[in-house]
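Novice: What follows is structure.txt, made up of compact mmCIF, C-alpha atoms:
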```txt
# COMPACT_ATOMS: atom_id res chain seq x y z
CA MET A 1 27.18 -81.70 8.65
CA GLN A 2 25.96 -83.99 5.90
CA LEU A 3 25.11 -81.26 3.45
CA GLU A 4 24.22 -83.74 0.70
CA TYR A 5 21.37 -85.02 2.90
CA PHE A 6 20.58 -81.60 4.36
CA GLN A 7 21.40 -82.95 7.81
CA LEU A 8 23.20 -80.09 9.48
CA ILE A 9 23.28 -81.22 13.08
CA ASP A 10 26.06 -83.58 14.17
CA ARG A 11 25.60 -83.92 17.89
CA VAL A 12 23.22 -82.98 20.66
CA VAL A 13 25.30 -81.56 23.50
CA ASP A 14 22.46 -80.75 25.87
CA LEU A 15 18.71 -81.15 25.84
CA ASN A 16 16.82 -79.70 28.78
CA ILE A 17 13.14 -80.62 28.63
CA GLY A 18 12.29 -78.63 31.77
CA ASP A 19 13.90 -75.42 30.55
CA LYS A 20 12.88 -76.16 26.95
CA THR A 21 16.36 -75.55 25.59
CA ILE A 22 18.77 -77.44 23.38
CA THR A 23 22.43 -77.06 22.46
CA VAL A 24 23.87 -78.90 19.47
CA GLU A 25 27.09 -78.91 17.48
CA ALA A 26 27.55 -78.80 13.76
CA GLN A 27 30.91 -79.26 12.09
CA VAL A 28 31.23 -77.27 8.89
CA PRO A 29 33.07 -79.45 6.33
CA LYS A 30 36.42 -78.25 5.11
CA GLU A 31 35.50 -79.06 1.55
CA ASN A 32 32.17 -79.13 -0.24
CA THR A 33 30.95 -78.26 -3.71
CA ILE A 34 28.88 -75.47 -2.13
CA PHE A 35 32.10 -73.61 -1.41
CA GLU A 36 33.14 -73.81 -5.04
CA GLY A 37 30.31 -71.46 -5.90
CA HIS A 38 29.83 -69.63 -2.62
CA PHE A 39 32.30 -68.07 -3.23
CA PRO A 40 35.29 -68.79 -5.51
CA GLY A 41 38.42 -67.97 -3.56
CA TYR A 42 36.37 -66.85 -0.55
CA PRO A 43 34.35 -69.83 0.76
CA LEU A 44 31.48 -69.04 3.14
CA LEU A 45 28.68 -71.18 4.54
CA PRO A 46 25.50 -69.67 3.06
CA GLY A 47 23.25 -67.80 5.46
CA VAL A 48 20.28 -69.97 4.49
CA LEU A 49 22.18 -73.00 5.80
CA LEU A 50 22.85 -71.20 9.05
CA ILE A 51 19.12 -70.56 9.33
CA GLU A 52 18.50 -74.21 8.53
CA SER A 53 20.91 -75.27 11.28
CA MET A 54 18.90 -73.17 13.74
CA ALA A 55 15.68 -74.65 12.39
CA GLN A 56 16.98 -78.20 12.79
CA ALA A 57 18.19 -77.56 16.33
CA SER A 58 14.82 -76.02 17.18
CA GLY A 59 13.09 -78.91 15.48
CA TRP A 60 14.81 -81.51 17.63
CA LEU A 61 13.89 -79.56 20.72
CA LEU A 62 10.24 -79.41 19.68
CA ILE A 63 10.08 -83.08 18.67
CA ALA A 64 11.44 -84.04 22.06
CA LEU A 65 8.98 -81.75 23.86
CA MET A 66 6.15 -83.32 21.86
CA ASN A 67 7.25 -86.80 22.83
CA PHE A 68 8.17 -87.73 19.24
CA GLU A 69 4.49 -87.71 18.34
CA ARG A 70 4.48 -84.69 16.05
CA MET A 71 6.77 -83.30 13.37
CA PRO A 72 7.56 -79.58 13.22
CA PHE A 73 7.90 -77.84 9.87
CA LEU A 74 9.53 -74.45 9.46
CA ALA A 75 6.88 -71.84 8.68
CA MET A 76 8.39 -68.44 9.38
CA VAL A 77 11.79 -66.83 9.89
CA LYS A 78 11.96 -63.48 11.63
CA GLU A 79 14.72 -61.21 12.70
CA ALA A 80 17.39 -63.36 11.09
CA LYS A 81 20.71 -61.63 11.54
CA MET A 82 23.92 -62.84 9.91
CA ARG A 83 26.39 -61.23 12.26
CA SER A 84 29.63 -62.68 11.00
CA PHE A 85 30.91 -65.09 8.33
CA VAL A 86 31.11 -68.84 8.85
CA THR A 87 33.96 -70.51 6.98
CA PRO A 88 34.90 -74.14 6.13
CA GLY A 89 36.09 -76.26 9.04
CA GLU A 90 34.51 -74.24 11.85
CA LEU A 91 32.64 -75.94 14.67
CA LEU A 92 29.25 -74.33 15.23
CA THR A 93 27.38 -74.33 18.50
CA VAL A 94 23.67 -73.93 17.90
CA GLU A 95 21.38 -73.10 20.79
CA ALA A 96 17.60 -72.89 20.72
CA SER A 97 14.88 -72.20 23.25
CA VAL A 98 11.10 -72.19 23.11
CA LEU A 99 9.55 -68.75 23.10
CA HIS A 100 5.93 -69.89 22.79
CA GLU A 101 3.97 -73.10 22.46
CA GLY A 102 0.71 -72.46 20.65
CA SER A 103 -1.97 -74.77 19.33
CA GLY A 104 -0.42 -76.49 16.33
CA PHE A 105 2.52 -74.14 16.23
CA ALA A 106 5.56 -73.11 18.24
CA VAL A 107 8.01 -70.22 18.21
CA THR A 108 11.68 -70.57 19.05
CA GLU A 109 14.67 -68.32 19.41
CA ALA A 110 17.96 -69.68 18.15
CA LYS A 111 21.53 -68.60 17.68
CA VAL A 112 24.75 -69.91 16.20
CA SER A 113 28.10 -69.19 17.76
CA VAL A 114 31.73 -70.23 17.26
CA ASP A 115 33.99 -70.29 20.31
CA GLY A 116 31.36 -68.32 22.20
CA ARG A 117 31.14 -65.57 19.61
CA PRO A 118 27.76 -65.05 17.94
CA ARG A 119 27.53 -65.60 14.19
CA CYS A 120 23.79 -65.40 13.63
CA ASN A 121 20.41 -65.55 15.36
CA ALA A 122 16.73 -65.68 14.44
CA THR A 123 13.22 -66.16 15.69
CA LEU A 124 11.58 -69.16 14.05
CA THR A 125 7.97 -70.29 13.84
CA PHE A 126 7.01 -73.90 13.18
CA ARG A 127 3.74 -75.58 12.40
CA HIS A 128 3.58 -79.09 13.79
CA ILE A 129 1.41 -82.03 12.82
CA PRO A 130 1.27 -85.73 13.67
CA PHE A 131 3.97 -87.58 11.74
CA PRO A 132 2.55 -87.64 8.20
CA HIS A 133 4.26 -90.90 7.22
CA PRO A 134 5.62 -93.79 9.30
CA ASP A 135 8.88 -93.76 7.32
CA LEU A 136 9.53 -90.24 8.52
CA ARG A 137 9.09 -91.27 12.13
CA VAL A 138 11.50 -94.19 11.61
CA HIS A 139 13.99 -91.83 10.00
CA MET A 140 13.73 -89.32 12.83
CA ASP A 141 14.18 -92.06 15.42
CA ALA A 142 17.33 -93.27 13.66
CA THR A 143 18.69 -89.76 13.28
CA ALA A 144 17.91 -89.00 16.93
CA LYS A 145 20.02 -91.98 17.91
CA ARG A 146 22.85 -90.98 15.55
CA ILE A 147 23.12 -87.40 16.80
CA GLY A 148 22.74 -88.36 20.45
CA VAL A 149 19.28 -87.21 21.42
CA PRO A 150 19.03 -88.62 24.95
CA GLN A 151 17.28 -91.92 24.46
CA GLN A 152 15.17 -91.44 27.58
CA VAL A 153 13.17 -88.77 25.72
CA VAL A 154 12.61 -91.04 22.72
CA PRO A 155 9.53 -93.21 23.26
CA HIS A 156 10.18 -96.84 22.46
CA GLU A 157 7.24 -98.81 21.11
CA MET B 1 -17.09 -52.14 22.20
CA SER B 2 -15.10 -54.54 24.26
CA SER B 3 -11.49 -53.80 24.96
CA THR B 4 -10.77 -57.33 23.82
CA PHE B 5 -11.89 -56.44 20.31
CA ASP B 6 -9.76 -53.29 20.33
CA LYS B 7 -6.72 -55.24 21.41
CA VAL B 8 -7.30 -57.92 18.78
CA ALA B 9 -7.86 -55.31 16.07
CA ASP B 10 -4.65 -53.53 17.07
CA ILE B 11 -2.75 -56.81 16.88
CA ILE B 12 -4.17 -57.60 13.43
CA ALA B 13 -3.44 -54.10 12.15
CA GLU B 14 0.14 -54.25 13.33
CA THR B 15 0.84 -57.85 12.38
CA CYS B 16 -0.72 -57.79 8.93
CA ASP B 17 -0.25 -54.14 8.05
CA ILE B 18 -3.98 -53.61 7.65
CA PRO B 19 -5.34 -50.09 8.28
CA ARG B 20 -6.83 -50.13 11.76
CA ASP B 21 -9.95 -48.20 10.74
CA THR B 22 -10.93 -50.91 8.25
CA ILE B 23 -11.13 -53.54 10.99
CA THR B 24 -14.58 -53.78 12.58
CA PRO B 25 -16.23 -56.22 14.97
CA GLU B 26 -18.11 -57.66 11.99
CA SER B 27 -14.94 -58.22 9.94
CA HIS B 28 -14.23 -61.82 9.00
CA ALA B 29 -10.50 -62.33 9.42
CA ILE B 30 -10.22 -64.54 6.35
CA ASP B 31 -13.02 -63.44 4.03
CA ASP B 32 -12.95 -59.69 4.70
CA LEU B 33 -9.42 -58.97 5.84
CA GLY B 34 -7.69 -61.56 3.65
CA ILE B 35 -5.61 -62.98 6.45
CA ASP B 36 -4.07 -66.31 5.46
CA SER B 37 -3.17 -69.19 7.73
CA LEU B 38 0.47 -68.17 8.05
CA ASP B 39 -0.38 -64.63 9.07
CA PHE B 40 -2.92 -66.04 11.48
CA LEU B 41 -0.10 -67.94 13.23
CA ASP B 42 1.53 -64.58 13.91
CA ILE B 43 -1.77 -63.19 15.16
CA ALA B 44 -2.36 -66.23 17.36
CA PHE B 45 1.13 -65.85 18.81
CA ALA B 46 0.47 -62.20 19.64
CA ILE B 47 -3.01 -62.90 21.06
CA ASP B 48 -1.74 -65.82 23.16
CA LYS B 49 0.94 -63.58 24.62
CA ALA B 50 -1.28 -60.54 25.11
CA PHE B 51 -4.02 -62.45 26.91
CA GLY B 52 -1.97 -65.19 28.54
CA ILE B 53 -3.95 -67.93 26.86
CA LYS B 54 -3.49 -70.68 24.28
CA MET B 55 -6.11 -70.35 21.58
CA PRO B 56 -7.14 -73.89 20.58
CA LEU B 57 -6.65 -73.32 16.86
CA GLU B 58 -6.34 -77.00 16.05
CA LYS B 59 -9.61 -77.80 17.80
CA TRP B 60 -11.40 -74.93 16.10
CA THR B 61 -10.06 -75.93 12.69
CA GLN B 62 -11.12 -79.52 13.27
CA GLU B 63 -14.62 -78.42 14.25
CA VAL B 64 -14.91 -76.34 11.08
CA ASN B 65 -13.57 -79.18 8.93
CA ASP B 66 -16.02 -81.61 10.54
CA GLY B 67 -18.93 -79.25 9.92
CA LYS B 68 -19.55 -78.85 13.64
CA ALA B 69 -18.83 -75.12 13.53
CA THR B 70 -18.65 -72.35 10.99
CA THR B 71 -15.66 -70.13 10.34
CA GLU B 72 -17.84 -67.19 11.41
CA GLN B 73 -17.95 -68.56 14.96
CA TYR B 74 -14.20 -68.21 15.30
CA PHE B 75 -13.03 -65.75 12.69
CA VAL B 76 -15.58 -62.92 12.78
CA LEU B 77 -13.74 -60.63 15.14
CA LYS B 78 -16.56 -59.98 17.60
CA ASN B 79 -16.96 -63.76 17.94
CA LEU B 80 -13.22 -64.29 18.18
CA SER B 81 -13.14 -61.66 20.94
CA ASP B 82 -15.91 -63.56 22.78
CA ARG B 83 -13.93 -66.80 22.47
CA ILE B 84 -10.86 -65.03 23.85
CA ASP B 85 -12.89 -63.66 26.77
CA GLU B 86 -14.12 -67.19 27.50
CA LEU B 87 -10.57 -68.55 27.46
CA VAL B 88 -9.37 -65.78 29.76
CA ALA B 89 -12.30 -66.40 32.13
CA ALA B 90 -11.67 -70.15 32.11
CA LYS B 91 -8.04 -69.58 32.90
CA GLY B 92 -8.89 -67.36 35.85
CA ALA B 93 -11.65 -69.60 37.18
CA PRO B 94 -10.91 -71.95 40.03
CA ALA B 95 -10.59 -75.59 39.14
CA PRO B 96 -13.98 -77.37 39.31
CA ASP B 97 -12.92 -79.51 42.26
CA ALA B 98 -11.28 -76.62 44.13
CA ALA B 99 -14.51 -75.08 45.42
```
Output the file's structure as structure tokens, nothing else.
Specialist:
Amino acid sequence: MQLEYFQLIDRVVDLNIGDKTITVEAQVPKENTIFEGHFPGYPLLPGVLLIESMAQASGWLLIALMNFERMPFLAMVKEAKMRSFVTPGELLTVEASVLHEGSGFAVTEAKVSVDGRPRCNATLTFRHIPFPHPDLRVHMDATAKRIGVPQQVVPHE
Amino acid sequence: MSSTFDKVADIIAETCDIPRDTITPESHAIDDLGIDSLDFLDIAFAIDKAFGIKMPLEKWTQEVNDGKATTEQYFVLKNLSDRIDELVAAKGAPAPDAA
């Protein structure tokens, strides 16, 4: 996780275009200023960041399914359940699957687990639009390469 | 009244917490019922699932923005129900070259 840049996903473990699923990993840092406030003496990764990790995993899945032509933006979070605490240094496995592909929007289901044990899950809705700025597309291409999105799903111009 | 309208009205009532008896075929989803674009995503999701279709929201929005259609054509519920019926019929129809 690069919390300073709000980049929560470290590595794509599996991306299945046919099944419309993705599995990624996210390493929670052992130290971060966030833990100094959340909470003193009892550091926990905030639930909103767990939701964001599910949103980012879902986002990469949707970008890949849309051939890197459109950018998804989180629009709705439903049924978010924080089932257990996440603490510094833990390795998160984040899985997401597509529940529905609508016109201009998509719905995913996602969950976070540690060593196979669920920590949280949610149903997420995204609006998606053509990339609104070329810099964003360049950034997403570079990030896709860094986190190991299979390069065969990334169109090369 | 068509069962399509009843189904759509039930979805709207449940999704947006609007009293079912205030929803009529003449209701405009936006102007009369106050449904915003985010709530309409939820409604579209439920309608897509209920009818097994994919409502072309982006195309409709583009047509309205381009002045080629009015919001009434898509968002007055009796008209929306007609559009849904058309999409369902098109989905069930054989492909043009399959005859």
Novice: Would you list the contacts of Gly89 in chain A as number ranges by chain, taking every protein, DNA or RNA residue within 6 Å and counting all atoms listed in the file, but skipping same-chain residues closer than 6 positions in sequence?
Specialist: A: 28-30
Novice: With a distance threshold of 10 Å and counting only C-alpha atoms, extract the residues of chain A near chain B and express them as a list in words.
Specialist: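 Contact residues on the first chain: Ala75, Met76, Leu99, His100, Glu101, Gly102, Ser103, Gly104, Phe105, Ala106, Val107, Thr125, Phe126, Arg127 and Ile129 of chain A.
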Novice: Under the rule that only C-alpha atoms are counted, which of A:Ile9, A:Val77, A:Met54, A:Ala26 is the nearest residue to Val114 in chain A?
Specialist: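 Once distances to Val114 in chain A are computed over only C-alpha atoms, the minimum belongs to A:Ala26.
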Novice: Suppose you want the space between CA of Pro118 in chain A and CA of Arg83 in chain A; what is it in Å?
Specialist: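 Atom-to-atom, CA of Pro118 in chain A and CA of Arg83 in chain A are spaced 7.0 Å apart.
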Novice: Could you give me, as a ChimeraX atom specification, the residues within 10 Å of Thr22 in chain B, counting all atoms listed in the file and dropping anything in the same chain fewer than 3 positions from it?
Specialist: /B:9,13,18-19,27,32-33
